[in-house]
$ cat query14.txt   # compact mmCIF, C-alpha atoms
# COMPACT_ATOMS: atom_id res chain seq x y z
CA MET I 185 -18.07 -3.04 13.28
CA THR I 186 -17.19 -5.92 10.97
CA ASP I 187 -13.98 -7.85 11.50
CA GLU I 188 -12.21 -7.12 8.22
CA TRP I 189 -8.94 -5.82 6.84
CA ARG I 190 -9.03 -2.21 5.66
CA GLY I 191 -6.68 0.62 4.88
CA TRP I 192 -6.09 2.82 7.91
CA ARG I 193 -7.93 5.79 6.43
CA GLU I 194 -11.16 3.86 5.85
CA ALA I 195 -10.89 2.06 9.18
CA ALA I 196 -10.25 5.24 11.17
CA GLN I 197 -13.04 7.11 9.38
CA ALA I 198 -15.56 4.49 10.49
CA ALA I 199 -14.06 4.14 13.97
CA LEU I 200 -14.10 7.87 14.68
CA TYR I 201 -17.01 9.26 12.67
CA GLY I 202 -19.32 6.36 11.85
CA ASP I 203 -22.73 6.07 13.50
CA GLU I 204 -21.16 4.13 16.38
CA GLY I 205 -17.83 5.91 16.15
CA PHE I 206 -15.81 7.42 18.94
CA TYR I 207 -16.78 11.02 18.20
CA ARG I 208 -20.44 10.35 17.42
CA SER I 209 -21.58 7.77 19.96
CA PRO I 210 -22.84 9.22 23.28
CA VAL I 211 -22.43 5.74 24.75
CA ARG I 212 -18.79 5.23 23.77
CA SER I 213 -17.71 8.77 24.68
CA PRO I 214 -20.37 10.51 26.79
CA GLU I 215 -17.89 13.09 28.14
CA GLY I 216 -16.69 14.01 24.68
CA PRO I 217 -12.99 14.34 23.80
CA ALA I 218 -12.23 15.97 27.18
CA GLY I 219 -12.89 12.63 28.88
CA HIS I 220 -10.04 10.98 26.98
CA PHE I 221 -7.28 13.50 26.39
CA ARG I 222 -6.27 16.92 27.68
CA THR I 223 -5.78 19.71 25.18
CA SER I 224 -4.57 23.26 25.79
CA VAL I 225 -8.22 24.30 26.03
CA HIS I 226 -8.71 22.01 29.02
CA ALA I 227 -5.33 22.81 30.59
CA SER I 228 -6.07 26.46 31.35
CA PRO I 229 -8.58 29.25 30.64
CA LEU I 230 -5.52 31.29 29.65
CA PHE I 231 -5.65 29.55 26.28
CA ALA I 232 -9.16 30.82 25.54
CA THR I 233 -8.12 34.27 26.77
CA ALA I 234 -5.23 34.26 24.30
CA VAL I 235 -7.57 33.27 21.46
CA ALA I 236 -9.91 36.08 22.53
CA ARG I 237 -7.00 38.53 22.23
CA LEU I 238 -6.22 37.13 18.80
CA LEU I 239 -9.83 37.56 17.69
CA THR I 240 -9.97 41.09 19.08
CA GLY I 241 -6.85 42.04 17.13
CA ILE I 242 -8.22 40.57 13.90
CA ALA I 243 -11.54 42.37 14.42
CA ARG I 244 -9.62 45.62 14.80
CA GLU I 245 -7.75 45.00 11.56
CA LEU I 246 -10.89 44.05 9.66
CA ASP I 247 -12.80 47.04 10.98
CA THR I 248 -16.13 45.31 10.41
CA GLY I 249 -19.39 45.37 12.34
CA THR I 250 -19.55 41.66 13.12
CA VAL I 251 -16.59 39.30 13.21
CA ALA I 252 -16.90 35.51 12.89
CA LEU I 253 -15.23 33.02 15.22
CA VAL I 254 -15.15 29.55 13.67
CA ASP I 255 -13.95 26.71 15.92
CA VAL I 256 -13.19 23.66 13.76
CA GLY I 257 -13.27 20.42 15.73
CA ALA I 258 -15.13 22.14 18.54
CA GLY I 259 -15.56 19.18 20.89
CA ARG I 260 -18.31 20.20 23.27
CA GLY I 261 -17.83 23.91 22.66
CA GLU I 262 -15.33 24.47 25.47
CA LEU I 263 -13.04 26.83 23.56
CA LEU I 264 -15.88 28.92 22.13
CA THR I 265 -17.45 29.23 25.57
CA GLY I 266 -14.16 30.37 27.08
CA VAL I 267 -13.46 32.86 24.31
CA LEU I 268 -16.92 34.40 24.51
CA ASP I 269 -16.48 34.84 28.27
CA ALA I 270 -13.09 36.52 27.76
CA LEU I 271 -14.04 38.98 25.01
CA PRO I 272 -14.26 42.70 25.74
CA GLU I 273 -17.69 44.27 25.84
CA GLY I 274 -18.92 45.77 22.61
CA LEU I 275 -17.32 43.28 20.22
CA ASP I 276 -20.04 41.75 18.03
CA VAL I 277 -19.09 38.11 17.38
CA ALA I 278 -20.83 35.40 15.35
CA PRO I 279 -19.54 32.10 16.82
CA TYR I 280 -19.64 28.82 14.87
CA ALA I 281 -18.85 25.35 16.23
CA VAL I 282 -17.83 22.90 13.50
CA GLU I 283 -18.28 19.40 14.88
CA VAL I 284 -19.70 15.98 13.87
CA ALA I 285 -21.13 15.19 17.32
CA ALA I 286 -24.55 16.37 18.39
CA ARG I 287 -24.93 19.83 19.88
CA PRO I 288 -24.49 19.68 23.67
CA PRO I 289 -27.44 20.75 25.82
CA ASP I 290 -27.23 24.15 27.55
CA LEU I 291 -24.65 25.48 25.08
CA ASP I 292 -24.65 29.26 24.65
CA PRO I 293 -27.51 29.93 22.18
CA ARG I 294 -25.32 32.38 20.29
CA ILE I 295 -23.18 29.50 19.04
CA GLU I 296 -24.25 28.06 15.69
CA TRP I 297 -23.56 24.31 15.50
CA CYS I 298 -22.60 23.09 12.02
CA ALA I 299 -20.96 20.16 10.24
CA GLU I 300 -18.74 22.21 7.92
CA PRO I 301 -16.99 25.59 8.17
CA PRO I 302 -19.40 28.30 7.02
CA ALA I 303 -18.46 29.77 3.65
CA GLY I 304 -17.71 33.42 3.04
CA VAL I 305 -17.22 34.58 6.63
CA THR I 306 -14.85 37.27 7.87
CA GLY I 307 -12.93 36.77 11.08
CA LEU I 308 -10.93 34.06 12.86
CA LEU I 309 -10.99 30.36 12.00
CA PHE I 310 -9.30 28.31 14.73
CA ALA I 311 -8.63 24.56 14.58
CA ASN I 312 -7.13 23.21 17.78
CA GLU I 313 -6.17 19.54 17.49
CA TRP I 314 -8.51 18.95 14.55
CA LEU I 315 -6.17 17.91 11.75
CA ASP I 316 -4.59 15.10 13.77
CA ASN I 317 -8.03 13.42 13.75
CA VAL I 318 -8.47 13.66 9.97
CA PRO I 319 -7.93 10.02 8.95
CA VAL I 320 -5.02 9.19 6.65
CA GLU I 321 -3.48 6.15 5.05
CA VAL I 322 -0.42 4.60 6.67
CA ALA I 323 2.48 3.40 4.53
CA GLU I 324 5.40 1.13 5.43
CA ALA I 325 8.52 0.25 3.46
CA ASP I 326 8.72 -3.48 2.77
CA ALA I 327 11.85 -5.66 2.81
CA GLU I 328 12.98 -4.09 -0.48
CA GLY I 329 12.29 -0.55 0.74
CA VAL I 330 9.15 -0.17 -1.41
CA PRO I 331 6.32 1.77 0.32
CA ARG I 332 3.16 -0.28 0.74
CA TYR I 333 -0.17 0.56 2.29
CA VAL I 334 -0.69 -0.82 5.78
CA ARG I 335 -3.95 -2.71 6.24
CA VAL I 336 -5.50 -3.12 9.66
CA ARG I 337 -7.98 -5.56 11.18
CA THR I 338 -10.77 -3.56 12.77
CA SER I 339 -11.41 -5.88 15.70
CA ASP I 340 -7.93 -5.94 17.24
CA GLY I 341 -5.65 -3.55 15.33
CA ALA I 342 -3.51 -6.29 13.81
CA GLU I 343 -1.68 -5.09 10.69
CA ARG I 344 -0.31 -6.47 7.45
CA LEU I 345 1.15 -4.92 4.31
CA GLY I 346 -1.06 -4.37 1.29
CA SER I 347 -0.51 -3.04 -2.20
CA THR I 348 2.27 -0.74 -3.35
CA VAL I 349 1.65 2.98 -2.82
CA THR I 350 1.13 4.64 -6.20
CA GLY I 351 -0.24 7.78 -7.82
CA ALA I 352 -0.85 10.94 -5.81
CA ASP I 353 -0.07 9.17 -2.52
CA ALA I 354 3.33 8.07 -3.82
CA ALA I 355 4.04 11.60 -5.05
CA TRP I 356 3.13 12.99 -1.63
CA LEU I 357 5.47 10.56 0.11
CA GLU I 358 8.31 11.38 -2.25
CA ARG I 359 7.86 15.11 -1.64
CA TRP I 360 7.04 15.22 2.05
CA TRP I 361 7.97 11.95 3.77
CA PRO I 362 10.22 9.68 1.66
CA LEU I 363 10.61 6.08 2.84
CA SER I 364 13.47 3.78 1.93
CA ALA I 365 14.71 1.60 4.80
CA PRO I 366 12.63 -1.53 5.49
CA GLY I 367 10.15 -0.97 8.32
CA GLU I 368 10.02 2.82 8.03
CA ARG I 369 6.48 4.16 8.27
CA ALA I 370 4.66 7.34 7.34
CA GLU I 371 1.18 8.79 7.55
CA ILE I 372 0.17 10.10 4.10
CA GLY I 373 -1.17 13.57 4.85
CA ARG I 374 -3.00 14.37 1.59
CA PRO I 375 -6.50 14.35 3.19
CA ARG I 376 -5.29 16.80 5.84
CA ASP I 377 -3.77 19.07 3.21
CA ALA I 378 -7.11 19.15 1.38
CA ALA I 379 -9.12 19.63 4.59
CA TRP I 380 -6.97 22.53 5.71
CA ALA I 381 -6.96 24.25 2.32
CA GLY I 382 -10.75 23.94 2.29
CA ALA I 383 -11.06 25.43 5.76
CA VAL I 384 -8.77 28.37 4.96
CA GLY I 385 -10.62 28.90 1.69
CA SER I 386 -13.90 29.34 3.57
CA LEU I 387 -12.66 32.72 4.85
CA THR I 388 -13.35 35.83 2.80
CA ALA I 389 -10.89 37.70 5.00
CA GLY I 390 -9.28 37.16 8.36
CA LEU I 391 -6.93 34.70 10.04
CA ALA I 392 -6.91 30.90 9.94
CA VAL I 393 -4.94 29.04 12.63
CA ALA I 394 -4.23 25.30 12.95
CA VAL I 395 -2.74 24.14 16.25
CA ASP I 396 -1.53 20.56 16.46
CA TYR I 397 1.14 17.99 17.16
CA THR I 398 3.49 18.43 14.24
CA HIS I 399 6.73 17.52 12.49
CA VAL I 400 8.43 18.92 9.39
CA ARG I 401 10.30 17.41 6.46
CA GLY I 402 13.83 16.54 7.47
CA ALA I 403 12.69 15.66 10.99
CA ARG I 404 9.90 13.15 10.44
CA PRO I 405 9.68 10.29 12.94
CA PRO I 406 10.99 7.15 11.21
CA PHE I 407 8.15 4.89 12.34
CA GLY I 408 5.21 7.30 12.22
CA THR I 409 3.11 8.59 15.10
CA LEU I 410 -0.23 6.76 14.91
CA THR I 411 -1.59 6.08 18.39
CA GLY I 412 -4.78 5.91 20.45
CA PHE I 413 -6.16 7.56 23.57
CA ARG I 414 -8.80 6.33 25.97
CA GLY I 415 -9.71 7.59 29.44
CA GLY I 416 -6.72 9.91 29.60
CA ARG I 417 -4.19 7.22 28.71
CA GLU I 418 -2.29 6.45 25.53
CA VAL I 419 -3.35 3.05 24.18
CA ARG I 420 -2.65 0.82 21.20
CA PRO I 421 -4.54 2.15 18.17
CA VAL I 422 -7.44 -0.19 17.40
CA PRO I 423 -10.07 1.06 14.93
CA ASP I 424 -13.09 -0.44 16.68
CA GLY I 425 -14.62 2.83 17.88
CA SER I 426 -13.44 2.43 21.47
CA CYS I 427 -10.64 5.00 21.42
CA ASP I 428 -9.42 8.17 19.81
CA LEU I 429 -7.09 7.63 16.84
CA THR I 430 -4.54 10.33 16.19
CA ALA I 431 -1.30 10.99 14.33
CA HIS I 432 0.92 14.06 14.22
CA VAL I 433 0.39 16.51 11.36
CA ALA I 434 2.81 17.54 8.61
CA LEU I 435 1.87 21.20 8.94
CA ASP I 436 4.49 22.21 6.37
CA ALA I 437 2.61 20.16 3.77
CA CYS I 438 -0.68 21.74 4.88
CA ALA I 439 0.85 25.19 4.43
CA ALA I 440 1.98 24.36 0.90
CA ALA I 441 -1.49 23.04 0.05
CA VAL I 442 -3.04 26.41 0.86
CA ALA I 443 -0.69 28.18 -1.54
CA GLU I 444 -1.22 25.54 -4.22
CA ALA I 445 -5.00 25.96 -3.89
CA GLY I 446 -4.56 29.53 -5.10
CA ILE I 447 -5.60 31.11 -1.81
CA ASP I 448 -4.10 34.58 -1.40
CA ALA I 449 -2.72 34.33 2.12
CA SER I 450 0.51 34.97 3.95
CA THR I 451 1.80 32.03 5.97
CA GLU I 452 3.66 31.55 9.25
CA LEU I 453 4.61 28.30 10.95
CA THR I 454 5.74 28.67 14.54
CA ASP I 455 5.34 26.88 17.86
CA GLN I 456 2.83 27.40 20.65
CA ARG I 457 5.43 28.79 23.01
CA ALA I 458 6.23 31.68 20.68
CA ALA I 459 2.61 32.22 19.59
CA LEU I 460 1.23 32.41 23.13
CA ARG I 461 4.03 34.65 24.33
CA ARG I 462 3.02 37.13 21.63
CA LEU I 463 -0.50 36.96 23.06
CA GLY I 464 0.60 37.69 26.61
CA VAL I 465 0.91 34.13 27.97
CA GLY I 466 4.44 33.89 29.25
CA GLY I 467 4.67 31.80 32.38
CA ASP I 468 6.90 34.22 34.28
CA ARG I 469 6.53 34.05 38.06
CA PRO I 470 5.21 37.17 39.81
CA PRO I 471 7.72 39.18 41.88
CA LEU I 472 8.05 37.92 45.43
CA SER I 473 7.44 41.46 46.72
CA LEU I 474 3.81 41.11 45.60
CA ALA I 475 3.33 38.47 48.30
CA THR I 476 3.81 41.20 50.89
CA THR I 477 1.78 43.97 49.30
CA ASP I 478 -1.03 41.83 47.85
CA PRO I 479 -0.96 38.23 49.13
CA ALA I 480 -4.19 37.20 47.38
CA GLY I 481 -3.04 38.76 44.13
CA TYR I 482 0.29 36.97 44.44
CA VAL I 483 -1.44 33.60 44.82
CA ARG I 484 -3.61 34.27 41.77
CA ALA I 485 -0.62 35.42 39.72
CA LEU I 486 1.40 32.39 40.81
CA ALA I 487 -1.40 30.03 39.75
CA ALA I 488 -1.70 31.77 36.38
CA ALA I 489 2.06 31.55 35.90
CA GLY I 490 1.91 27.80 36.51
CA GLU I 491 -0.85 27.37 33.95
CA ALA I 492 1.00 29.54 31.44
CA ALA I 493 4.16 27.52 32.01
CA GLU I 494 2.29 24.32 31.13
CA LEU I 495 0.86 25.85 27.96
CA THR I 496 4.31 26.98 26.79
CA ALA I 497 6.50 24.16 28.15
CA ARG I 498 9.30 22.73 26.03
CA GLY I 499 8.73 19.03 25.49
CA GLY I 500 5.00 19.53 26.07
CA LEU I 501 2.22 21.81 24.87
CA GLY I 502 4.69 24.56 24.00
CA ASP I 503 6.06 22.40 21.19
CA PHE I 504 2.73 22.24 19.37
CA GLY I 505 2.82 23.76 15.91
CA TRP I 506 0.84 26.89 15.05
CA LEU I 507 0.15 27.36 11.34
CA LEU I 508 -1.24 30.83 10.63
CA HIS I 509 -2.64 32.18 7.35
CA ARG I 510 -3.63 35.83 6.99
CA VAL I 511 -6.31 35.97 4.29
CA GLY I 512 -7.02 39.30 2.63
CA LEU I 513 -4.97 41.14 5.23
CA PRO I 514 -1.70 43.02 4.84
CA GLU I 515 1.50 41.53 6.23
CA PRO I 516 1.79 42.28 9.97
CA GLY I 517 4.02 45.23 10.78

$ encode --input "query14.txt" --output "structure tokens"
Amino acid sequence: MTDEWRGWREAAQAALYGDEGFYRSPVRSPEGPAGHFRTSVHASPLFATAVARLLTGIARELDTGTVALVDVGAGRGELLTGVLDALPEGLDVAPYAVEVAARPPDLDPRIEWCAEPPAGVTGLLFANEWLDNVPVEVAEADAEGVPRYVRVRTSDGAERLGSTVTGADAAWLERWWPLSAPGERAEIGRPRDAAWAGAVGSLTAGLAVAVDYTHVRGARPPFGTLTGFRGGREVRPVPDGSCDLTAHVALDACAAAVAEAGIDASTELTDQRAALRRLGVGGDRPPLSLATTDPAGYVRALAAAGEAAELTARGGLGDFGWLLHRVGLPEPG
């Protein structure tokens, strides 16, 4: 990559998705995302089981012969593989993995590998930690409190302020993440709003779910959230292709974008703790009496409770946002 100053969106796009980018290069990231950070999918098979329950419920509501399962930002297909293993017999599922990397060898042949969400499908679209990797511009308030674009040097991540933020980006900041005090920073989420509205709009009917690190207006972090990950550790964000680049998602803005796109969908924004508890993942310890009547069962239940507790923990994975849109379905009873 050339050593030049760019806006963060352009720099991150090349660093993550260019020919030698973090998500495309088998040399830079041979293990895929799982080699660098741990998502709920990797934390426990209970997560895939919960998604399987969600898909089963949506299939029941749709009452259709075949139901689609679209995994956006599919990594190496780990979530799809887990969901397919957890589904009840007799449910006819068409699974799609939406991913920029090459299809992994030995992946279940039922899974269709594609670069974009398929249009016109009916079923469940699930995006786990996808939107945080959609590149965005970074803005910082200068000494007079005026928001300016942050420019970054690709070789080492050094930054300097660029031009004043104007137009649609300035309107987005004013509405969703206003800056005023010198040094305050924000990630301008317009590309994520558009990406999510497009993904939801690909469904003819069903449920679209985005799961991600999130914050909402009125509680935005004053200095932004841009960071990097490499080898399981958080690192300084440098857009040279050597690390993941991520920033938390303004899911409230994404939700509004779906409505403003004219998509007829009901909307819910909740956290992972509440969402998974509704799907039977609670983290409650098994009764001690089970250790006497069924010792092996007690050990299995205790292990599952520990995994569930991690998935729903306050201050951890349980704080992730879940943005749900029901498309062409009645409000849940």

$ closest_residue --input "query14.txt" --among "I:Val322, I:Ala352, I:Val305, I:Ala437" --to "I:Val384" --atoms "all atoms listed in the file"
I:Val305

$ closest_residue --input "query14.txt" --among "I:Ala383, I:Val395, I:Val330, I:Ala281" --to "I:Arg260" --atoms "all atoms listed in the file"
I:Ala281

$ residues_around --input "query14.txt" --residues "I:Ala434" --least-positions-apart "3" --cutoff "7 Å" --atoms "only C-alpha atoms" --output "list in words"
Gly373, Thr398, His399, Val400, Ala437 and Cys438 of chain I

$ write_last_selection --input "query14.txt" --atoms "C-alpha atoms" --output "PDB file, keeping the file's coordinate frame"
ATOM      1  CA  GLY I 373      -1.170  13.570   4.850  1.00  0.00           C
ATOM      2  CA  THR I 398       3.490  18.430  14.240  1.00  0.00           C
ATOM      3  CA  HIS I 399       6.730  17.520  12.490  1.00  0.00           C
ATOM      4  CA  VAL I 400       8.430  18.920   9.390  1.00  0.00           C
ATOM      5  CA  ALA I 437       2.610  20.160   3.770  1.00  0.00           C
ATOM      6  CA  CYS I 438      -0.680  21.740   4.880  1.00  0.00           C
TER       7      CYS I 438
END

$ atom_distance --input "query14.txt" --atom1 "atom CA of I:Gly367" --atom2 "atom CA of I:Glu418"
22.5 Å

$ closest_residue --input "query14.txt" --among "I:Asp448, I:Glu204, I:Glu300, I:Glu328" --to "I:Ala389" --atoms "all atoms listed in the file"
I:Asp448

$ residues_around --input "query14.txt" --residues "I:Thr496" --least-positions-apart "5" --cutoff "10 Å" --atoms "all atoms listed in the file" --output "mmCIF file with C-alpha atoms, in the coordinates of the input"
data_model
loop_
_atom_site.group_PDB
_atom_site.id
_atom_site.type_symbol
_atom_site.label_atom_id
_atom_site.label_comp_id
_atom_site.auth_asym_id
_atom_site.auth_seq_id
_atom_site.Cartn_x
_atom_site.Cartn_y
_atom_site.Cartn_z
ATOM 1 C CA SER I 224 -4.570 23.260 25.790
ATOM 2 C CA ASP I 455 5.340 26.880 17.860
ATOM 3 C CA GLN I 456 2.830 27.400 20.650
ATOM 4 C CA ARG I 457 5.430 28.790 23.010
ATOM 5 C CA ALA I 458 6.230 31.680 20.680
ATOM 6 C CA ALA I 459 2.610 32.220 19.590
ATOM 7 C CA LEU I 460 1.230 32.410 23.130
ATOM 8 C CA ARG I 461 4.030 34.650 24.330
ATOM 9 C CA VAL I 465 0.910 34.130 27.970
ATOM 10 C CA GLY I 466 4.440 33.890 29.250
ATOM 11 C CA GLY I 467 4.670 31.800 32.380
ATOM 12 C CA GLU I 491 -0.850 27.370 33.950
ATOM 13 C CA LEU I 501 2.220 21.810 24.870
ATOM 14 C CA GLY I 502 4.690 24.560 24.000
ATOM 15 C CA ASP I 503 6.060 22.400 21.190
ATOM 16 C CA PHE I 504 2.730 22.240 19.370
#

$ closest_residue --input "query14.txt" --among "I:Val284, I:Ala493, I:Ala199, I:Leu453" --to "I:Trp314" --atoms "all atoms listed in the file"
I:Val284

$ atom_distance --input "query14.txt" --atom1 "atom CA of I:Arg332" --atom2 "atom CA of I:Tyr207"
28.8 Å

$ atom_distance --input "query14.txt" --atom1 "atom CA of I:Leu513" --atom2 "atom CA of I:Ile242"
9.3 Å

$ closest_residue --input "query14.txt" --among "I:Arg369, I:Thr248, I:Leu291, I:Pro229" --to "I:Leu263" --atoms "only C-alpha atoms"
I:Pro229

$ closest_residue --input "query14.txt" --among "I:Leu268, I:Ala394, I:Ala196, I:Ala355" --to "I:Val336" --atoms "only C-alpha atoms"
I:Ala196

$ residues_near_point --input "query14.txt" --point "(-27.8, 35.4, 19.2)" --cutoff "10 Å" --atoms "all atoms listed in the file" --output "tab-separated table (two decimals) with C-alpha atoms, keeping the file's coordinate frame"
chain	number	residue	atom	x	y	z
I	277	VAL	CA	-19.09	38.11	17.38
I	278	ALA	CA	-20.83	35.40	15.35
I	279	PRO	CA	-19.54	32.10	16.82
I	292	ASP	CA	-24.65	29.26	24.65
I	293	PRO	CA	-27.51	29.93	22.18
I	294	ARG	CA	-25.32	32.38	20.29
I	295	ILE	CA	-23.18	29.50	19.04
I	296	GLU	CA	-24.25	28.06	15.69

$ residues_around --input "query14.txt" --residues "I:Leu238" --least-positions-apart "4" --cutoff "9 Å" --atoms "all atoms listed in the file" --output "PyMOL selection string"
chain I and resi 233-234+242-243+308+463

$ residues_around --input "query14.txt" --residues "I:Ala381" --least-positions-apart "4" --cutoff "9 Å" --atoms "only C-alpha atoms" --output "tab-separated table (two decimals) with C-alpha atoms, in the coordinates of the input"
chain	number	residue	atom	x	y	z
I	376	ARG	CA	-5.29	16.80	5.84
I	377	ASP	CA	-3.77	19.07	3.21
I	385	GLY	CA	-10.62	28.90	1.69
I	386	SER	CA	-13.90	29.34	3.57
I	438	CYS	CA	-0.68	21.74	4.88
I	439	ALA	CA	0.85	25.19	4.43
I	441	ALA	CA	-1.49	23.04	0.05
I	442	VAL	CA	-3.04	26.41	0.86
I	443	ALA	CA	-0.69	28.18	-1.54
I	444	GLU	CA	-1.22	25.54	-4.22
I	445	ALA	CA	-5.00	25.96	-3.89
I	447	ILE	CA	-5.60	31.11	-1.81
